[in-house]
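> Here's a structure for you.
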Amino acid sequence: MRIGCVYTVERGATTDKPLPYAMDIPFGMAIIATILQQAGHDVDLMVFSPRSRWADSIEAFIATRRPRLFCLTAVSTQFAFQREIAKLVKRIDPSIFVILGGHHASLDPEETIRTPALDAICVGEGDHSVIELARRLADQEPLTGIPHLWFKGADSEVERNPPLEFDTDLDTLPYIDRRMWEPWIAEPDRYPSVLLGRGCPFRCTYCSAHAMARLSEGRFVRFRSPENIIGEISAICERYPSVDNIYLEVETIAHQKEATPLFAKLAEFNAAREKKLNFGVNFTVTSTFIRNSEQCKKFLLMLSRANVVYLNIGLESGSERLRREVLRRPRYTNAEFLEFCRIAREHDVAVDLYVLIGIPGETPEDFKETVQLVRNSRPKMVQLSIFYPYLGTDLANLALERGLVTKDGLNPALERARPALDLPTFSRRRVRLEYILFWFKAFRGVWPARRIFAETVQGIIAGSPALWSRYTRLRDESKVVRYLRGRYRMIRHHDEDPGTIHRPTKIEFTYSD
């Protein structure tokens with residue numbers, strides 16, 4: 001059976017190649033497309049940004065390939081775009097079955113299933129369910145009783161099938177077929193990532209992990225075996241010999257029992273190579289970990305031997321009060337965090353930070369603490385985002401209950417770059433100003449002025465959909481803009497220590513009606 005899989009991005013590297021790097025391949029859709037292909041189906045993948053000629057592409061695809069199933073995926077900020085795609089598919093051929101999976105369908109299922117152009121949604125992890133759906137469609141069998149899937153009947157009645165327990169054997173998942181993504185990636189051999197596991201042990205209020213954990217029974221935090229991970233890394237190196245940086249994708253590598261054998265295997269793998277691979281991974285700081293000085297140093301030494309050259313850490317706020325009372329981050333003091341950063345530098349492991357601004361209950365004084373802590377921790381890179389309340393999360397529910405935002409007022413075009421909330425303690429205007437001035441305040445005298453200027457300009461452009469639209473058009477059409485963009489990349493890499501790599505900063509934009 002012929003199947004179309006569609007992934008969307010809020011911004012694109014170029015009109016024709018929306019994904020900048022191999023790191024931007026989404027594992028959810030990539031695994032679904034791969035397992036459908038391995039089940040014998042004829043799968044076509046498409047990746048679109050709002051500036052792509054997506055309508056023409058879909059019309060041509062349907063006319064020439066005659067698909068029977070369209071698989072879509074979306075987080076909340078991608079949903080409006082995917083809804084338009086589903087609408088177009090149904091307008092061209094109402095007999096095509098359209099299903100939507102991803103976090104939006106899982107965390108807001110009752111609203112999502114009412115979308116007229118959708119025949120079904122997947123709630124939770126539907127790796128095995130989508131294979132069964134495709135088989136029944138191909139064999140023209142009744143579509144009922146498939147776990148995780150909600151079906152909309154002809155009379156608009158909804159069949160809500162319960163989920164299975166979380167799959168604990170992630171080694172049964174295939175290595176994703178990266179070849180089908182290559183036509184959509186500007187640089188398919190740069191910064192590939194490998195999935196280490198699924199689930200997060202922490203329950204931060206702003207993150208969807210705690211909501212996703214409630215969707216099924218069983219163990220939520222799961223890891224692939226080190227042997228399985230090394231096998232995929234070897235396959236990547238064979239297909240892309242020039243690769244020297246790989247990102248190890250996982251919510252956090254905080255578990256010693258999973259980390260120790262994995263990094264021992266990575267060190268062994270690198271020792272056998274003439275050209276060593278650099279790795280980066282997410283990590284969560286806790287007081288318990290930092291206070292055990294011997295354990296902390298042993299862990300960082302283990303990372304260093306495996307050539308893990310940087311850690312992504314979700315600092316989010318420099319206010320201990322906000323981390324504790326609002327975000328419910330794992331406990332640690334600012335002094336402990338600075339100590340960890342110091343020890344990491346001693347082991348040649350860089351620290352990159354995720355930082356939020358505009359958090360419910362935050363004040364300008366709280367954010368001043370954030371700026372100071374960032375400055376003192378001396379990170380190599382920061383991903384600064386303005387808080388956006390994702391539906392289904394505890395902090396979004398709190399914002400809705402307190403009247404800080406309405407569900408209808410959640411504009412995905414504001415995600416991460418413009419304030420969605422107007423806080424009584426931190427106005428939209430002040431949040432936006434602090435967002436722009438952050439780089440100067442946090443890094444003056446630390447980073448070269450040209451880098452601070454470049455980051456500031458990017459922040460100004462990011463916060464204006466109109467400016468961003470003009471910029472992307474110029475970027476695609478103007479040699480001067482492409483040259484300046486290349487120079488900006490050179491500035492960032494030139495200012496970093498040799499041998500150190502970083503996950504590229506991702507500022508996401510969204511389609512709006």
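By order of appearance in the structure tokens: chains A, B, ..., then residues from 1 within every chain, and ligands from 1 in the order shown.
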Give me the segment 19-86 of chain A side of the contact with segment 170-180 of chain A, cut-off 12 Å, one line per residue showing its nearest atom pair and distance in Å at one decimal, counting only C-alpha atoms, sorted by chain and residue number, as CSV.


residue,atom,partner,partner_atom,distance
A:Tyr21,CA,A:Arg178,CA,11.8
A:Ala22,CA,A:Arg178,CA,8.4
A:Met23,CA,A:Arg178,CA,10.8
A:Asp24,CA,A:Arg178,CA,11.3
A:Ile25,CA,A:Arg178,CA,8.3
A:Pro26,CA,A:Ile176,CA,10.0
A:Phe27,CA,A:Ile176,CA,7.7
A:Gly28,CA,A:Ile176,CA,9.8
A:Met29,CA,A:Ile176,CA,9.5
A:Ala30,CA,A:Ile176,CA,5.9
A:Ile31,CA,A:Ile176,CA,5.6
A:Ile32,CA,A:Ile176,CA,8.9
A:Ala33,CA,A:Asp177,CA,8.1
A:Thr34,CA,A:Asp177,CA,5.8
A:Ile35,CA,A:Pro174,CA,7.0
A:Leu36,CA,A:Pro174,CA,10.7
A:Gln37,CA,A:Asp177,CA,9.1
A:Gln38,CA,A:Pro174,CA,8.9
A:Ala39,CA,A:Pro174,CA,11.5
A:Asp42,CA,A:Met180,CA,11.8
A:Val43,CA,A:Met180,CA,9.1
A:Asp44,CA,A:Met180,CA,7.9
A:Leu45,CA,A:Met180,CA,6.6
A:Met46,CA,A:Met180,CA,9.0
A:Val47,CA,A:Met180,CA,10.5

> Tell me which of A:Asp56, A:Glu320, A:Asp348, A:Asp119 sits closest to Glu336 of chain A, counting only C-alpha atoms.

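Of all the options, A:Glu320 lies closest to Glu336 of chain A.
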
> How close does segment 20-57 of chain A get to segment 74-90 of chain A? List, as CSV, each residue of segment 20-57 of chain A within 10 Å, its nearest atom pair and the distance in Å to one decimal, counting only C-alpha atoms.


residue,atom,partner,partner_atom,distance
A:Met29,CA,A:Ala74,CA,9.6
A:Phe48,CA,A:Phe81,CA,9.4
A:Ser49,CA,A:Phe81,CA,8.8
A:Pro50,CA,A:Phe81,CA,7.6
A:Trp54,CA,A:Ile85,CA,8.2
A:Ala55,CA,A:Leu88,CA,7.4

> With N, CA and C atoms kept, could you save the residues just selected as a PDB file, in the first residue's frame?


ATOM      1  N   MET A  29       8.292  10.430  13.873  1.00  0.00           N
ATOM      2  CA  MET A  29       7.903  10.205  12.487  1.00  0.00           C
ATOM      3  C   MET A  29       8.903   9.316  11.767  1.00  0.00           C
ATOM      4  N   PHE A  48       7.673  19.896   5.016  1.00  0.00           N
ATOM      5  CA  PHE A  48       7.287  21.213   4.535  1.00  0.00           C
ATOM      6  C   PHE A  48       7.452  22.268   5.623  1.00  0.00           C
ATOM      7  N   SER A  49       7.769  23.473   5.202  1.00  0.00           N
ATOM      8  CA  SER A  49       7.652  24.671   6.033  1.00  0.00           C
ATOM      9  C   SER A  49       6.530  25.500   5.436  1.00  0.00           C
ATOM     10  N   PRO A  50       6.053  26.521   6.133  1.00  0.00           N
ATOM     11  CA  PRO A  50       4.987  27.351   5.564  1.00  0.00           C
ATOM     12  C   PRO A  50       5.347  27.983   4.224  1.00  0.00           C
ATOM     13  N   TRP A  54       3.844  23.476  -0.583  1.00  0.00           N
ATOM     14  CA  TRP A  54       3.335  22.224  -0.056  1.00  0.00           C
ATOM     15  C   TRP A  54       2.036  21.778  -0.725  1.00  0.00           C
ATOM     16  N   ALA A  55       1.170  22.706  -1.049  1.00  0.00           N
ATOM     17  CA  ALA A  55      -0.102  22.334  -1.676  1.00  0.00           C
ATOM     18  C   ALA A  55       0.137  21.707  -3.047  1.00  0.00           C
TER      19      ALA A  55
END

> For a quick check of understanding, using only C-alpha atoms, which of A:Phe340, A:Phe97, A:Phe426, A:Trp150 has the smallest distance to Pro109 of chain A?

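Using only C-alpha atoms, Pro109 of chain A sits closest to A:Trp150.
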
> From the options A:His128, A:Arg11, A:Arg331, A:Lys276, which residue's atoms come nearest to Arg291 of chain A, counting only C-alpha atoms?

A:Arg331

> When distances are computed from only C-alpha atoms, which of A:Lys17, A:Arg2, A:Arg51, A:His347 shows the smallest separation from Thr472 of chain A?

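Going through A:Lys17, A:Arg2, A:Arg51, A:His347 one by one, the smallest distance to Thr472 of chain A is for A:Arg51.
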
> Contacts between segment 188-204 of chain A and segment 285-342 of chain A, please, where a residue of segment 285-342 of chain A counts if it comes within 8 Å (with only C-alpha atoms); show its shortest atom pair and distance in Å to one decimal, rows by chain and ascending number, as a tab-separated table.


residue	atom	partner	partner_atom	distance
A:Leu327	CA	A:Cys204	CA	5.6
A:Arg328	CA	A:Cys204	CA	5.1
A:Arg329	CA	A:Cys204	CA	5.5
A:Pro330	CA	A:Phe202	CA	7.2

> Hey, which of A:Val446, A:Leu400, A:Ile452, A:Leu356 ends up closest to Pro419 of chain A? Count only C-alpha atoms.

A:Leu356

> Can you list every residue in segment 283-413 of chain A that DSSP puts in alpha helix (DSSP H), as a PDB file with N, CA and C atoms, in the first residue's frame?


ATOM      1  N   SER A 287      21.217  18.192  43.490  1.00  0.00           N
ATOM      2  CA  SER A 287      22.056  18.375  44.681  1.00  0.00           C
ATOM      3  C   SER A 287      22.695  17.067  45.110  1.00  0.00           C
ATOM      4  N   THR A 288      21.928  15.985  45.064  1.00  0.00           N
ATOM      5  CA  THR A 288      22.444  14.686  45.489  1.00  0.00           C
ATOM      6  C   THR A 288      23.677  14.305  44.679  1.00  0.00           C
ATOM      7  N   PHE A 289      23.620  14.560  43.382  1.00  0.00           N
ATOM      8  CA  PHE A 289      24.738  14.210  42.518  1.00  0.00           C
ATOM      9  C   PHE A 289      25.946  15.100  42.796  1.00  0.00           C
ATOM     10  N   ILE A 290      25.721  16.412  42.894  1.00  0.00           N
ATOM     11  CA  ILE A 290      26.835  17.352  43.041  1.00  0.00           C
ATOM     12  C   ILE A 290      27.514  17.194  44.395  1.00  0.00           C
ATOM     13  N   ARG A 291      26.733  16.922  45.435  1.00  0.00           N
ATOM     14  CA  ARG A 291      27.314  16.828  46.778  1.00  0.00           C
ATOM     15  C   ARG A 291      28.202  15.600  46.942  1.00  0.00           C
ATOM     16  N   SER A 293      31.042  14.461  45.634  1.00  0.00           N
ATOM     17  CA  SER A 293      32.123  14.968  44.796  1.00  0.00           C
ATOM     18  C   SER A 293      32.841  13.855  44.032  1.00  0.00           C
ATOM     19  N   GLU A 294      33.051  12.736  44.692  1.00  0.00           N
ATOM     20  CA  GLU A 294      33.763  11.631  44.050  1.00  0.00           C
ATOM     21  C   GLU A 294      32.949  11.073  42.876  1.00  0.00           C
ATOM     22  N   GLN A 295      31.648  10.905  43.098  1.00  0.00           N
ATOM     23  CA  GLN A 295      30.769  10.400  42.036  1.00  0.00           C
ATOM     24  C   GLN A 295      30.713  11.371  40.868  1.00  0.00           C
ATOM     25  N   CYS A 296      30.622  12.646  41.176  1.00  0.00           N
ATOM     26  CA  CYS A 296      30.531  13.678  40.143  1.00  0.00           C
ATOM     27  C   CYS A 296      31.780  13.673  39.262  1.00  0.00           C
ATOM     28  N   LYS A 297      32.945  13.650  39.897  1.00  0.00           N
ATOM     29  CA  LYS A 297      34.199  13.661  39.132  1.00  0.00           C
ATOM     30  C   LYS A 297      34.374  12.374  38.333  1.00  0.00           C
ATOM     31  N   LYS A 298      33.961  11.263  38.919  1.00  0.00           N
ATOM     32  CA  LYS A 298      34.054   9.982  38.214  1.00  0.00           C
ATOM     33  C   LYS A 298      33.171   9.989  36.969  1.00  0.00           C
ATOM     34  N   PHE A 299      31.978  10.559  37.093  1.00  0.00           N
ATOM     35  CA  PHE A 299      31.054  10.636  35.962  1.00  0.00           C
ATOM     36  C   PHE A 299      31.640  11.497  34.844  1.00  0.00           C
ATOM     37  N   LEU A 300      32.171  12.664  35.191  1.00  0.00           N
ATOM     38  CA  LEU A 300      32.725  13.561  34.176  1.00  0.00           C
ATOM     39  C   LEU A 300      33.988  12.982  33.546  1.00  0.00           C
ATOM     40  N   LEU A 301      34.760  12.249  34.314  1.00  0.00           N
ATOM     41  CA  LEU A 301      35.932  11.582  33.742  1.00  0.00           C
ATOM     42  C   LEU A 301      35.483  10.523  32.728  1.00  0.00           C
ATOM     43  N   MET A 302      34.419   9.836  33.060  1.00  0.00           N
ATOM     44  CA  MET A 302      33.868   8.831  32.154  1.00  0.00           C
ATOM     45  C   MET A 302      33.403   9.485  30.849  1.00  0.00           C
ATOM     46  N   LEU A 303      32.746  10.640  30.949  1.00  0.00           N
ATOM     47  CA  LEU A 303      32.318  11.367  29.758  1.00  0.00           C
ATOM     48  C   LEU A 303      33.518  11.797  28.929  1.00  0.00           C
ATOM     49  N   SER A 304      34.519  12.324  29.586  1.00  0.00           N
ATOM     50  CA  SER A 304      35.707  12.804  28.898  1.00  0.00           C
ATOM     51  C   SER A 304      36.390  11.676  28.122  1.00  0.00           C
ATOM     52  N   ARG A 305      36.479  10.485  28.724  1.00  0.00           N
ATOM     53  CA  ARG A 305      37.103   9.348  28.060  1.00  0.00           C
ATOM     54  C   ARG A 305      36.296   8.902  26.834  1.00  0.00           C
ATOM     55  N   ALA A 306      34.983   9.082  26.895  1.00  0.00           N
ATOM     56  CA  ALA A 306      34.135   8.719  25.759  1.00  0.00           C
ATOM     57  C   ALA A 306      34.088   9.816  24.696  1.00  0.00           C
ATOM     58  N   GLU A 320      16.047  30.249  42.463  1.00  0.00           N
ATOM     59  CA  GLU A 320      15.810  28.981  43.153  1.00  0.00           C
ATOM     60  C   GLU A 320      14.330  28.836  43.518  1.00  0.00           C
ATOM     61  N   ARG A 321      13.686  29.960  43.839  1.00  0.00           N
ATOM     62  CA  ARG A 321      12.251  29.923  44.171  1.00  0.00           C
ATOM     63  C   ARG A 321      11.425  29.437  42.983  1.00  0.00           C
ATOM     64  N   ASN A 334      22.069  27.423  43.432  1.00  0.00           N
ATOM     65  CA  ASN A 334      22.881  28.097  42.426  1.00  0.00           C
ATOM     66  C   ASN A 334      24.368  27.865  42.667  1.00  0.00           C
ATOM     67  N   ALA A 335      24.765  27.826  43.924  1.00  0.00           N
ATOM     68  CA  ALA A 335      26.169  27.572  44.245  1.00  0.00           C
ATOM     69  C   ALA A 335      26.583  26.176  43.793  1.00  0.00           C
ATOM     70  N   GLU A 336      25.701  25.201  43.983  1.00  0.00           N
ATOM     71  CA  GLU A 336      25.998  23.840  43.538  1.00  0.00           C
ATOM     72  C   GLU A 336      26.084  23.764  42.020  1.00  0.00           C
ATOM     73  N   PHE A 337      25.209  24.493  41.338  1.00  0.00           N
ATOM     74  CA  PHE A 337      25.240  24.491  39.877  1.00  0.00           C
ATOM     75  C   PHE A 337      26.564  25.066  39.365  1.00  0.00           C
ATOM     76  N   LEU A 338      27.001  26.165  39.953  1.00  0.00           N
ATOM     77  CA  LEU A 338      28.278  26.766  39.540  1.00  0.00           C
ATOM     78  C   LEU A 338      29.441  25.816  39.818  1.00  0.00           C
ATOM     79  N   GLU A 339      29.374  25.088  40.910  1.00  0.00           N
ATOM     80  CA  GLU A 339      30.431  24.121  41.218  1.00  0.00           C
ATOM     81  C   GLU A 339      30.472  23.019  40.170  1.00  0.00           C
ATOM     82  N   PHE A 340      29.301  22.550  39.754  1.00  0.00           N
ATOM     83  CA  PHE A 340      29.274  21.518  38.712  1.00  0.00           C
ATOM     84  C   PHE A 340      29.884  22.039  37.414  1.00  0.00           C
ATOM     85  N   CYS A 341      29.538  23.266  37.021  1.00  0.00           N
ATOM     86  CA  CYS A 341      30.091  23.848  35.794  1.00  0.00           C
ATOM     87  C   CYS A 341      31.611  23.955  35.884  1.00  0.00           C
ATOM     88  N   ARG A 342      32.108  24.296  37.062  1.00  0.00           N
ATOM     89  CA  ARG A 342      33.553  24.419  37.248  1.00  0.00           C
ATOM     90  C   ARG A 342      34.241  23.059  37.078  1.00  0.00           C
ATOM     91  N   ILE A 343      33.675  22.027  37.696  1.00  0.00           N
ATOM     92  CA  ILE A 343      34.268  20.687  37.597  1.00  0.00           C
ATOM     93  C   ILE A 343      34.189  20.178  36.153  1.00  0.00           C
ATOM     94  N   ALA A 344      33.070  20.475  35.476  1.00  0.00           N
ATOM     95  CA  ALA A 344      32.935  20.045  34.083  1.00  0.00           C
ATOM     96  C   ALA A 344      34.032  20.652  33.214  1.00  0.00           C
ATOM     97  N   ARG A 345      34.308  21.945  33.410  1.00  0.00           N
ATOM     98  CA  ARG A 345      35.367  22.595  32.628  1.00  0.00           C
ATOM     99  C   ARG A 345      36.723  21.941  32.908  1.00  0.00           C
ATOM    100  N   GLU A 346      36.961  21.551  34.147  1.00  0.00           N
ATOM    101  CA  GLU A 346      38.223  20.886  34.493  1.00  0.00           C
ATOM    102  C   GLU A 346      38.392  19.579  33.726  1.00  0.00           C
ATOM    103  N   PRO A 364      11.077  40.737  37.124  1.00  0.00           N
ATOM    104  CA  PRO A 364      12.362  41.169  36.540  1.00  0.00           C
ATOM    105  C   PRO A 364      13.542  40.845  37.447  1.00  0.00           C
ATOM    106  N   GLU A 365      13.329  40.888  38.769  1.00  0.00           N
ATOM    107  CA  GLU A 365      14.415  40.556  39.698  1.00  0.00           C
ATOM    108  C   GLU A 365      14.792  39.079  39.589  1.00  0.00           C
ATOM    109  N   ASP A 366      13.782  38.211  39.379  1.00  0.00           N
ATOM    110  CA  ASP A 366      14.076  36.791  39.177  1.00  0.00           C
ATOM    111  C   ASP A 366      14.934  36.604  37.933  1.00  0.00           C
ATOM    112  N   PHE A 367      14.570  37.286  36.859  1.00  0.00           N
ATOM    113  CA  PHE A 367      15.335  37.106  35.628  1.00  0.00           C
ATOM    114  C   PHE A 367      16.738  37.698  35.749  1.00  0.00           C
ATOM    115  N   LYS A 368      16.869  38.721  36.566  1.00  0.00           N
ATOM    116  CA  LYS A 368      18.210  39.251  36.827  1.00  0.00           C
ATOM    117  C   LYS A 368      19.081  38.174  37.457  1.00  0.00           C
ATOM    118  N   GLU A 369      18.505  37.372  38.356  1.00  0.00           N
ATOM    119  CA  GLU A 369      19.241  36.247  38.936  1.00  0.00           C
ATOM    120  C   GLU A 369      19.644  35.244  37.847  1.00  0.00           C
ATOM    121  N   THR A 370      18.736  35.027  36.886  1.00  0.00           N
ATOM    122  CA  THR A 370      19.031  34.108  35.785  1.00  0.00           C
ATOM    123  C   THR A 370      20.220  34.607  34.979  1.00  0.00           C
ATOM    124  N   VAL A 371      20.192  35.880  34.620  1.00  0.00           N
ATOM    125  CA  VAL A 371      21.283  36.459  33.832  1.00  0.00           C
ATOM    126  C   VAL A 371      22.602  36.317  34.565  1.00  0.00           C
ATOM    127  N   GLN A 372      22.599  36.605  35.862  1.00  0.00           N
ATOM    128  CA  GLN A 372      23.839  36.545  36.632  1.00  0.00           C
ATOM    129  C   GLN A 372      24.365  35.117  36.740  1.00  0.00           C
ATOM    130  N   LEU A 373      23.447  34.159  36.937  1.00  0.00           N
ATOM    131  CA  LEU A 373      23.883  32.767  37.048  1.00  0.00           C
ATOM    132  C   LEU A 373      24.434  32.268  35.712  1.00  0.00           C
ATOM    133  N   VAL A 374      23.784  32.635  34.615  1.00  0.00           N
ATOM    134  CA  VAL A 374      24.290  32.263  33.291  1.00  0.00           C
ATOM    135  C   VAL A 374      25.688  32.843  33.095  1.00  0.00           C
ATOM    136  N   ARG A 375      25.836  34.105  33.433  1.00  0.00           N
ATOM    137  CA  ARG A 375      27.138  34.767  33.261  1.00  0.00           C
ATOM    138  C   ARG A 375      28.227  34.071  34.083  1.00  0.00           C
ATOM    139  N   ASN A 376      27.912  33.737  35.313  1.00  0.00           N
ATOM    140  CA  ASN A 376      28.900  33.124  36.196  1.00  0.00           C
ATOM    141  C   ASN A 376      29.220  31.673  35.819  1.00  0.00           C
ATOM    142  N   SER A 377      28.273  30.990  35.174  1.00  0.00           N
ATOM    143  CA  SER A 377      28.485  29.579  34.834  1.00  0.00           C
ATOM    144  C   SER A 377      29.310  29.400  33.564  1.00  0.00           C
ATOM    145  N   ASP A 394       1.219  20.761  33.290  1.00  0.00           N
ATOM    146  CA  ASP A 394       0.716  21.329  34.543  1.00  0.00           C
ATOM    147  C   ASP A 394       0.818  22.852  34.553  1.00  0.00           C
ATOM    148  N   LEU A 395       1.894  23.393  34.000  1.00  0.00           N
ATOM    149  CA  LEU A 395       2.068  24.843  34.043  1.00  0.00           C
ATOM    150  C   LEU A 395       1.112  25.544  33.080  1.00  0.00           C
ATOM    151  N   ALA A 396       0.781  24.897  31.963  1.00  0.00           N
ATOM    152  CA  ALA A 396      -0.234  25.456  31.067  1.00  0.00           C
ATOM    153  C   ALA A 396      -1.591  25.468  31.761  1.00  0.00           C
ATOM    154  N   ASN A 397      -1.917  24.395  32.463  1.00  0.00           N
ATOM    155  CA  ASN A 397      -3.179  24.345  33.204  1.00  0.00           C
ATOM    156  C   ASN A 397      -3.237  25.449  34.253  1.00  0.00           C
ATOM    157  N   LEU A 398      -2.115  25.693  34.924  1.00  0.00           N
ATOM    158  CA  LEU A 398      -2.054  26.756  35.924  1.00  0.00           C
ATOM    159  C   LEU A 398      -2.274  28.118  35.280  1.00  0.00           C
ATOM    160  N   ALA A 399      -1.627  28.353  34.126  1.00  0.00           N
ATOM    161  CA  ALA A 399      -1.783  29.634  33.429  1.00  0.00           C
ATOM    162  C   ALA A 399      -3.226  29.839  32.989  1.00  0.00           C
ATOM    163  N   LEU A 400      -3.879  28.775  32.541  1.00  0.00           N
ATOM    164  CA  LEU A 400      -5.284  28.875  32.126  1.00  0.00           C
ATOM    165  C   LEU A 400      -6.188  29.138  33.331  1.00  0.00           C
ATOM    166  N   GLU A 401      -5.933  28.433  34.430  1.00  0.00           N
ATOM    167  CA  GLU A 401      -6.751  28.610  35.637  1.00  0.00           C
ATOM    168  C   GLU A 401      -6.643  30.026  36.197  1.00  0.00           C
TER     169      GLU A 401
END

> Kindly indicate which residue among A:Trp447, A:Tyr435, A:Phe453, A:Phe279 lies nearest to Gly358 of chain A, using only C-alpha atoms for the distances.

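Of A:Trp447, A:Tyr435, A:Phe453, A:Phe279, the one nearest Gly358 of chain A is A:Tyr435, counting only C-alpha atoms.
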
> Report the residues of segment 10-153 of chain A whose backbone DSSP state falls under strand (DSSP E or B), written as a list in words.

Leu19, Pro20, Tyr21, Asp42, Val43, Asp44, Leu45, Met46, Val47, Phe48, Leu69, Phe70, Cys71, Leu72, Thr73, Phe97, Val98, Ile99, Leu100, Gly101, Ala120, Ile121, Cys122, Leu149, Trp150, Phe151 and Lys152 of chain A

> Could you check how far atom CA of Val355 of chain A sits from atom CA of Ile313 of chain A, in Å to one decimal?

9.1 Å
